[in-house]
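Trainee: Take a look at run-v1.tsv, TSV, C-alpha atoms (C1' of nucleotides):
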chain	number	residue	atom	x	y	z
A	1	MET	CA	38.75	-66.23	38.49
A	2	THR	CA	40.08	-67.43	35.14
A	3	GLY	CA	38.29	-70.29	33.54
A	4	VAL	CA	35.14	-70.35	35.60
A	5	PHE	CA	32.96	-71.66	32.79
A	6	GLU	CA	35.71	-73.97	31.59
A	7	ALA	CA	35.68	-75.49	35.07
A	8	LEU	CA	31.90	-75.72	35.09
A	9	GLY	CA	32.00	-77.42	31.71
A	10	ASP	CA	32.85	-80.82	33.17
A	11	ALA	CA	30.09	-83.01	34.61
A	12	THR	CA	32.34	-84.55	37.26
A	13	ARG	CA	33.33	-81.12	38.54
A	14	ARG	CA	29.70	-80.02	38.65
A	15	HIS	CA	29.00	-83.12	40.70
A	16	VAL	CA	31.73	-82.08	43.11
A	17	LEU	CA	30.15	-78.67	43.47
A	18	ALA	CA	26.78	-80.29	44.13
A	19	LEU	CA	28.38	-82.40	46.82
A	20	LEU	CA	29.93	-79.35	48.44
A	21	SER	CA	26.59	-77.56	48.39
A	22	ALA	CA	25.74	-79.79	51.35
A	23	GLY	CA	28.60	-78.18	53.21
A	24	GLU	CA	32.34	-78.30	53.68
A	25	GLN	CA	33.95	-81.70	53.12
A	26	PRO	CA	37.44	-83.22	53.20
A	27	ALA	CA	38.95	-84.29	49.89
A	28	GLY	CA	38.66	-87.92	50.89
A	29	ALA	CA	34.90	-87.65	51.28
A	30	VAL	CA	34.63	-86.13	47.83
A	31	VAL	CA	36.67	-88.99	46.39
A	32	ALA	CA	34.46	-91.55	48.14
A	33	ALA	CA	31.27	-89.89	46.98
A	34	LEU	CA	32.39	-89.78	43.37
A	35	GLN	CA	33.59	-93.38	43.47
A	36	ALA	CA	30.17	-94.45	44.77
A	37	ARG	CA	28.81	-93.23	41.48
A	38	ALA	CA	31.40	-94.15	38.89
A	39	PRO	CA	34.91	-95.59	39.08
A	40	ILE	CA	37.44	-92.78	39.36
A	41	SER	CA	40.89	-92.57	40.90
A	42	GLN	CA	41.97	-90.34	43.78
A	43	PRO	CA	44.44	-88.32	41.67
A	44	ALA	CA	41.72	-87.62	39.09
A	45	VAL	CA	39.54	-86.09	41.79
A	46	SER	CA	42.50	-84.14	43.14
A	47	GLN	CA	43.08	-82.70	39.68
A	48	HIS	CA	39.44	-81.72	39.38
A	49	LEU	CA	39.64	-80.00	42.74
A	50	LYS	CA	42.65	-78.07	41.55
A	51	VAL	CA	40.76	-76.82	38.50
A	52	LEU	CA	37.86	-75.74	40.69
A	53	ARG	CA	40.30	-74.04	43.05
A	54	ASP	CA	42.05	-72.14	40.26
A	55	ALA	CA	38.66	-71.05	38.94
A	56	GLY	CA	37.71	-69.66	42.33
A	57	LEU	CA	34.76	-72.01	42.62
A	58	VAL	CA	36.00	-73.75	45.75
A	59	ARG	CA	38.39	-72.90	48.55
A	60	VAL	CA	40.49	-75.10	50.81
A	61	ARG	CA	41.09	-75.12	54.50
A	62	ALA	CA	43.87	-77.32	55.83
A	63	GLU	CA	43.33	-79.06	59.14
A	64	GLY	CA	46.01	-81.51	60.13
A	65	THR	CA	46.49	-83.89	57.26
A	66	ARG	CA	43.06	-83.18	55.82
A	67	ARG	CA	42.02	-80.58	53.29
A	68	PHE	CA	38.48	-79.34	53.70
A	69	TYR	CA	36.86	-78.06	50.53
A	70	ALA	CA	33.93	-75.67	50.39
A	71	LEU	CA	32.11	-73.65	47.76
A	72	ASP	CA	33.60	-70.25	47.04
A	73	ASP	CA	31.25	-67.47	46.09
A	74	ALA	CA	33.96	-65.66	44.16
A	75	GLY	CA	33.64	-67.88	41.13
A	76	LEU	CA	29.98	-68.70	41.56
A	77	ALA	CA	29.00	-65.04	41.72
A	78	ALA	CA	31.18	-64.33	38.69
A	79	ALA	CA	29.39	-67.00	36.67
A	80	ARG	CA	25.97	-65.79	37.75
A	81	ALA	CA	26.91	-62.21	37.00
A	82	TRP	CA	28.06	-63.06	33.50
A	83	LEU	CA	24.86	-64.94	32.73
A	84	THR	CA	22.67	-62.21	34.16
A	85	GLN	CA	24.50	-59.49	32.33
A	86	LEU	CA	23.82	-61.33	29.10
A	87	THR	CA	20.13	-60.57	29.30
A	88	ASP	CA	20.09	-57.67	31.76
A	89	PRO	CA	22.89	-55.33	30.68
A	90	LEU	CA	22.73	-52.86	33.56
A	91	GLN	CA	22.23	-55.13	36.49
A	92	GLY	CA	25.70	-54.26	37.75
A	93	ALA	CA	24.59	-52.31	40.79
A	94	ALA	CA	22.22	-54.96	42.11
A	95	GLN	CA	24.80	-57.71	41.79
A	96	PRO	CA	26.68	-57.13	45.06
A	97	LEU	CA	23.46	-57.25	47.04
A	98	ASP	CA	22.52	-60.51	45.43
A	99	ALA	CA	25.97	-61.93	46.16
A	100	LEU	CA	25.66	-60.87	49.78
A	101	ALA	CA	22.28	-62.52	50.10
A	102	THR	CA	23.51	-65.84	48.79
A	103	GLU	CA	26.59	-65.59	50.94
A	104	LEU	CA	24.47	-65.22	54.05
A	105	ALA	CA	22.32	-68.15	53.04
A	106	ARG	CA	25.37	-70.29	52.44
A	107	GLY	CA	26.98	-69.46	55.74
A	108	ARG	CA	23.80	-70.23	57.60
A	109	ARG	CA	23.49	-73.60	55.97
A	110	ALA	CA	27.16	-74.43	56.47
A	111	ASP	CA	26.78	-74.19	60.22
A	112	ARG	CA	24.25	-76.97	60.49
A	113	ALA	CA	25.54	-78.90	57.50
A	114	ARG	CA	25.72	-82.62	57.96
A	115	THR	CA	26.36	-85.88	56.14
A	116	ASP	CA	23.18	-85.63	54.13
A	117	ARG	CA	22.85	-86.99	50.66
A	118	ALA	CA	23.49	-84.49	47.99
A	119	ASP	CA	22.53	-85.41	44.46
A	120	ARG	CA	21.57	-82.34	42.59
A	121	THR	CA	20.89	-82.25	38.91
A	122	ALA	CA	24.13	-82.37	37.07
B	1	MET	CA	18.88	-78.73	27.31
B	2	THR	CA	21.74	-81.19	27.74
B	3	GLY	CA	25.18	-79.75	27.70
B	4	VAL	CA	24.42	-76.17	28.65
B	5	PHE	CA	27.60	-75.76	30.66
B	6	GLU	CA	29.60	-77.75	28.14
B	7	ALA	CA	28.49	-75.20	25.56
B	8	LEU	CA	29.32	-72.31	27.87
B	9	GLY	CA	32.75	-73.79	28.50
B	10	ASP	CA	34.19	-72.48	25.24
B	11	ALA	CA	35.39	-68.88	25.05
B	12	THR	CA	34.45	-68.46	21.40
B	13	ARG	CA	30.90	-69.57	22.10
B	14	ARG	CA	30.65	-67.18	25.04
B	15	HIS	CA	31.81	-64.44	22.70
B	16	VAL	CA	28.99	-65.38	20.33
B	17	LEU	CA	26.48	-65.10	23.17
B	18	ALA	CA	27.88	-61.71	24.11
B	19	LEU	CA	27.44	-60.58	20.52
B	20	LEU	CA	23.85	-61.77	20.47
B	21	SER	CA	23.14	-59.95	23.70
B	22	ALA	CA	23.06	-56.82	21.53
B	23	GLY	CA	20.17	-58.37	19.68
B	24	GLU	CA	19.28	-60.81	16.93
B	25	GLN	CA	21.90	-61.22	14.21
B	26	PRO	CA	22.36	-63.24	11.02
B	27	ALA	CA	25.02	-65.96	11.02
B	28	GLY	CA	27.14	-63.98	8.63
B	29	ALA	CA	27.37	-61.07	11.03
B	30	VAL	CA	28.48	-63.41	13.79
B	31	VAL	CA	31.17	-64.82	11.53
B	32	ALA	CA	32.37	-61.32	10.62
B	33	ALA	CA	32.43	-60.20	14.25
B	34	LEU	CA	34.46	-63.21	15.34
B	35	GLN	CA	36.89	-62.84	12.45
B	36	ALA	CA	37.47	-59.23	13.44
B	37	ARG	CA	38.88	-60.60	16.65
B	38	ALA	CA	40.78	-63.71	15.67
B	39	PRO	CA	41.10	-65.70	12.45
B	40	ILE	CA	38.36	-68.33	12.28
B	41	SER	CA	36.60	-70.02	9.39
B	42	GLN	CA	32.91	-69.85	8.59
B	43	PRO	CA	32.29	-73.57	9.19
B	44	ALA	CA	33.89	-73.31	12.60
B	45	VAL	CA	31.41	-70.61	13.58
B	46	SER	CA	28.56	-72.63	12.13
B	47	GLN	CA	29.58	-75.59	14.28
B	48	HIS	CA	29.70	-73.39	17.36
B	49	LEU	CA	26.23	-72.11	16.58
B	50	LYS	CA	25.01	-75.67	16.33
B	51	VAL	CA	26.37	-76.49	19.77
B	52	LEU	CA	24.69	-73.41	21.22
B	53	ARG	CA	21.47	-74.37	19.46
B	54	ASP	CA	21.53	-77.93	20.81
B	55	ALA	CA	22.15	-76.56	24.28
B	56	GLY	CA	19.13	-74.32	24.06
B	57	LEU	CA	21.23	-71.20	24.45
B	58	VAL	CA	20.30	-69.69	21.08
B	59	ARG	CA	17.43	-70.08	18.64
B	60	VAL	CA	17.27	-69.57	14.88
B	61	ARG	CA	14.82	-67.83	12.65
B	62	ALA	CA	15.12	-68.37	8.92
B	63	GLU	CA	14.41	-65.46	6.64
B	64	GLY	CA	15.11	-66.02	3.00
B	65	THR	CA	18.63	-67.30	2.71
B	66	ARG	CA	19.66	-65.84	6.06
B	67	ARG	CA	19.51	-67.42	9.50
B	68	PHE	CA	18.96	-64.99	12.32
B	69	TYR	CA	20.32	-66.09	15.67
B	70	ALA	CA	19.16	-64.80	19.04
B	71	LEU	CA	19.65	-65.67	22.68
B	72	ASP	CA	17.29	-68.31	24.05
B	73	ASP	CA	16.28	-68.04	27.65
B	74	ALA	CA	15.66	-71.77	27.90
B	75	GLY	CA	19.32	-72.61	28.32
B	76	LEU	CA	20.31	-69.38	30.01
B	77	ALA	CA	17.67	-69.77	32.69
B	78	ALA	CA	18.69	-73.38	33.19
B	79	ALA	CA	22.29	-72.36	33.79
B	80	ARG	CA	21.33	-69.59	36.19
B	81	ALA	CA	18.98	-71.93	38.02
B	82	TRP	CA	21.66	-74.54	38.53
B	83	LEU	CA	24.12	-71.99	39.87
B	84	THR	CA	21.57	-70.43	42.17
B	85	GLN	CA	20.43	-73.78	43.47
B	86	LEU	CA	24.00	-74.52	44.43
B	87	THR	CA	23.99	-71.90	47.16
B	88	ASP	CA	20.27	-71.35	47.72
B	89	PRO	CA	18.56	-74.75	47.84
B	90	LEU	CA	15.15	-73.31	48.64
B	91	GLN	CA	15.02	-70.92	45.74
B	92	GLY	CA	13.42	-73.55	43.54
B	93	ALA	CA	9.98	-71.96	43.73
B	94	ALA	CA	11.22	-68.46	43.04
B	95	GLN	CA	13.12	-69.58	39.96
B	96	PRO	CA	10.23	-69.46	37.46
B	97	LEU	CA	9.45	-65.92	38.51
B	98	ASP	CA	13.01	-64.90	37.95
B	99	ALA	CA	13.02	-66.54	34.55
B	100	LEU	CA	9.87	-64.70	33.64
B	101	ALA	CA	11.33	-61.40	34.74
B	102	THR	CA	14.43	-61.76	32.60
B	103	GLU	CA	12.32	-62.97	29.72
B	104	LEU	CA	10.22	-59.85	29.88
B	105	ALA	CA	13.34	-57.72	30.08
B	106	ARG	CA	14.81	-59.44	27.09
B	107	GLY	CA	11.73	-59.04	24.97
B	108	ARG	CA	11.50	-55.39	25.84
B	109	ARG	CA	15.10	-54.82	24.91
B	110	ALA	CA	14.63	-56.59	21.61
B	111	ASP	CA	12.03	-54.01	20.63
B	112	ARG	CA	14.17	-51.04	21.45
B	113	ALA	CA	17.89	-51.01	20.89
B	114	ARG	CA	18.57	-49.52	24.28
B	115	THR	CA	16.45	-49.54	27.39
B	116	ASP	CA	16.77	-48.90	31.08
B	117	ARG	CA	16.05	-51.44	33.73
B	118	ALA	CA	15.76	-51.30	37.49
B	119	ASP	CA	14.98	-53.11	40.74
B	120	ARG	CA	14.63	-56.88	41.35
B	121	THR	CA	16.31	-58.74	44.21
B	122	ALA	CA	15.38	-56.03	46.69
C	1	DT	C1'	61.90	-93.28	65.71
C	2	DC	C1'	58.75	-95.90	62.20
C	3	DC	C1'	54.73	-96.29	59.89
C	4	DC	C1'	50.40	-95.27	58.13
C	5	DT	C1'	46.95	-92.19	56.29
C	6	DC	C1'	45.74	-88.24	53.42
C	7	DC	C1'	46.54	-85.77	49.55
C	8	DA	C1'	49.09	-83.48	45.63
C	9	DT	C1'	52.11	-83.72	41.62
C	10	DA	C1'	54.54	-86.13	37.48
C	11	DA	C1'	54.40	-88.57	33.27
C	12	DG	C1'	52.12	-90.90	29.72
C	13	DC	C1'	48.03	-92.24	27.13
C	14	DA	C1'	43.63	-92.11	24.90
C	15	DA	C1'	39.23	-89.92	24.15
C	16	DA	C1'	37.05	-85.51	23.20
C	17	DG	C1'	36.66	-81.56	20.67
C	18	DA	C1'	37.92	-77.42	18.05
C	19	DC	C1'	39.78	-76.32	13.75
C	20	DT	C1'	40.65	-76.83	8.82
C	21	DT	C1'	39.35	-77.54	3.57
C	22	DA	C1'	35.95	-79.37	0.49
C	23	DT	C1'	31.36	-79.67	-0.82
C	24	DG	C1'	26.44	-79.05	-1.65
C	25	DG	C1'	21.65	-77.36	-0.92
C	26	DA	C1'	18.47	-73.32	-0.66
C	27	DG	C1'	16.96	-69.04	-2.09
C	28	DG	C1'	17.29	-64.35	-4.49
C	29	DA	C1'	18.86	-61.52	-8.68
C	30	DG	C1'	19.79	-61.22	-13.48
D	1	DC	C1'	17.61	-71.18	-16.28
D	2	DT	C1'	22.12	-69.48	-14.51
D	3	DC	C1'	24.84	-67.50	-11.29
D	4	DC	C1'	25.91	-65.98	-6.82
D	5	DT	C1'	25.39	-65.48	-1.88
D	6	DC	C1'	24.51	-67.59	2.59
D	7	DC	C1'	25.00	-71.28	5.37
D	8	DA	C1'	25.30	-76.22	6.95
D	9	DT	C1'	27.49	-80.73	6.81
D	10	DA	C1'	31.46	-84.20	5.79
D	11	DA	C1'	35.94	-85.78	6.52
D	12	DG	C1'	40.35	-85.43	8.40
D	13	DT	C1'	44.01	-83.28	11.47
D	14	DC	C1'	45.82	-81.65	15.61
D	15	DT	C1'	45.41	-79.77	20.12
D	16	DT	C1'	43.27	-80.16	24.57
D	17	DT	C1'	42.08	-82.49	28.49
D	18	DG	C1'	40.53	-86.05	31.55
D	19	DC	C1'	42.13	-90.43	32.94
D	20	DT	C1'	45.55	-93.72	34.61
D	21	DT	C1'	49.72	-95.53	37.51
D	22	DA	C1'	53.70	-94.14	40.12
D	23	DT	C1'	55.60	-91.39	43.51
D	24	DG	C1'	56.57	-88.40	47.45
D	25	DG	C1'	55.73	-84.94	51.12
D	26	DA	C1'	53.17	-83.75	55.43
D	27	DG	C1'	51.19	-84.82	59.63
D	28	DG	C1'	49.46	-87.98	63.50
D	29	DG	C1'	49.83	-92.22	66.44
D	30	DA	C1'	52.60	-96.10	68.21
Here is a file; write its structure as structure tokens.

Mentor:
Amino acid sequence: MTGVFEALGDATRRHVLALLSAGEQPAGAVVAALQARAPISQPAVSQHLKVLRDAGLVRVRAEGTRRFYALDDAGLAAARAWLTQLTDPLQGAAQPLDALATELARGRRADRARTDRADRTA
Amino acid sequence: MTGVFEALGDATRRHVLALLSAGEQPAGAVVAALQARAPISQPAVSQHLKVLRDAGLVRVRAEGTRRFYALDDAGLAAARAWLTQLTDPLQGAAQPLDALATELARGRRADRARTDRADRTA
DNA sequence: TCCCTCCATAAGCAAAGACTTATGGAGGAG
DNA sequence: CTCCTCCATAAGTCTTTGCTTATGGAGGGA
């Protein structure tokens, strides 16, 4: 949970998150997607994924030799909560409900997720 | 509007935003508050305020020789919107309403030092 | 077994950025 | 006008960090 905004501060990492918003993906797919946009090496992407992991913004699931990355609501909810609290000081109680709602939405989408294009504003 | 998350990526700048969440403050007060925490020079704070300004996270109001800084919902709403869109792709239409709601809350709080707030995201 | 693919870590480098001191303009008080 | 306070910008230093190439472990297929 440390360094959530530090992790979000990099455009490449935000692009990774946007990619994963389309659903769970193996590290190799993330590398390929980023390289389709700008030249970047595999280790560089791996390092970015580590930062996102340490920040609690993504989580990994190992399957054979592949590592599947997906968004993690732990960090995302933390970031949203901090921003919300900035303007709405006592929104603390409503936060868990909001987190639950987005979690449900994410899980639903993850089921039918496919190799769509994902190019959100970064 | 460019560089919202880059601006949020620095802990000192986030501390400035937290300070301003208590209400509008002159630059000098921000400097004093930060120096009460860790040694930092006045120009350093001024540079941080510039970054926040360029990111649309704060706005300035000149009064005599003082510059009063306050939170700006332009950047804050943009950040929240990006995070929300990451997990809830279809929330695009509801976003403006949310921004309006927090804007109203902010304005109300600015009038009175302390206020109570309820509901939203039922 | 050997090899090949997938991915993470190590080490070094170069660009970005956060900090410093020095300076100067703008506005109020005397 | 003169001085003094408040604040922003300039210039330079030093740390941070994002990138590279090199390497090696883990797992699957032959």

Trainee: So how far away is CA of Arg59 (chain B) from CA of Ser21 (chain B), in Å?

Mentor: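 Separation between CA of Ser21 (chain B) and CA of Arg59 (chain B): 12.7 Å.
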
Trainee: Name all residues at most 12 Å from DC4 (chain D) (count all atoms listed in the file; drop same-chain ones fewer than 4 positions away) and give them as a list of chain:residue names.

Mentor: C:DG27, C:DG28, C:DA29, C:DG30

Trainee: Show which residues sit within 8 Å of region 70-76 of chain B, as a PyMOL selection string. Count only C-alpha atoms (C1' of nucleotides), and ignore same-chain residues fewer than 4 positions away.

Mentor: (chain A and resi 83) or (chain B and resi 1+4+17+20-21+23-25+55-60+80+99+103)

Trainee: So that I can check the surroundings of Arg67 (chain A), please list as a PDB file with C-alpha atoms (C1' of nucleotides), keeping the file's coordinate frame every protein, DNA and RNA residue that reaches within 8 Å of it, counting all atoms listed in the file and ignoring chain neighbours fewer than 5 positions away.

Mentor:
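Okay, this is what ended up in selection_2.pdb:
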ATOM      1  CA  PRO A  26      37.440 -83.220  53.200  1.00  0.00           C
ATOM      2  CA  ALA A  27      38.950 -84.290  49.890  1.00  0.00           C
ATOM      3  CA  VAL A  60      40.490 -75.100  50.810  1.00  0.00           C
ATOM      4  CA  ARG A  61      41.090 -75.120  54.500  1.00  0.00           C
ATOM      5  CA  ALA A  62      43.870 -77.320  55.830  1.00  0.00           C
TER       6      ALA A  62
ATOM      7  C1'  DC C   7      46.540 -85.770  49.550  1.00  0.00           C
TER       8       DC C   7
END

Trainee: For CA of Val51 (chain A) and C1' of DC19 (chain C), quote the distance in Å rounded to one decimal.

Mentor: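 Computing the Euclidean distance for CA of Val51 (chain A) and C1' of DC19 (chain C) yields 24.8 Å.
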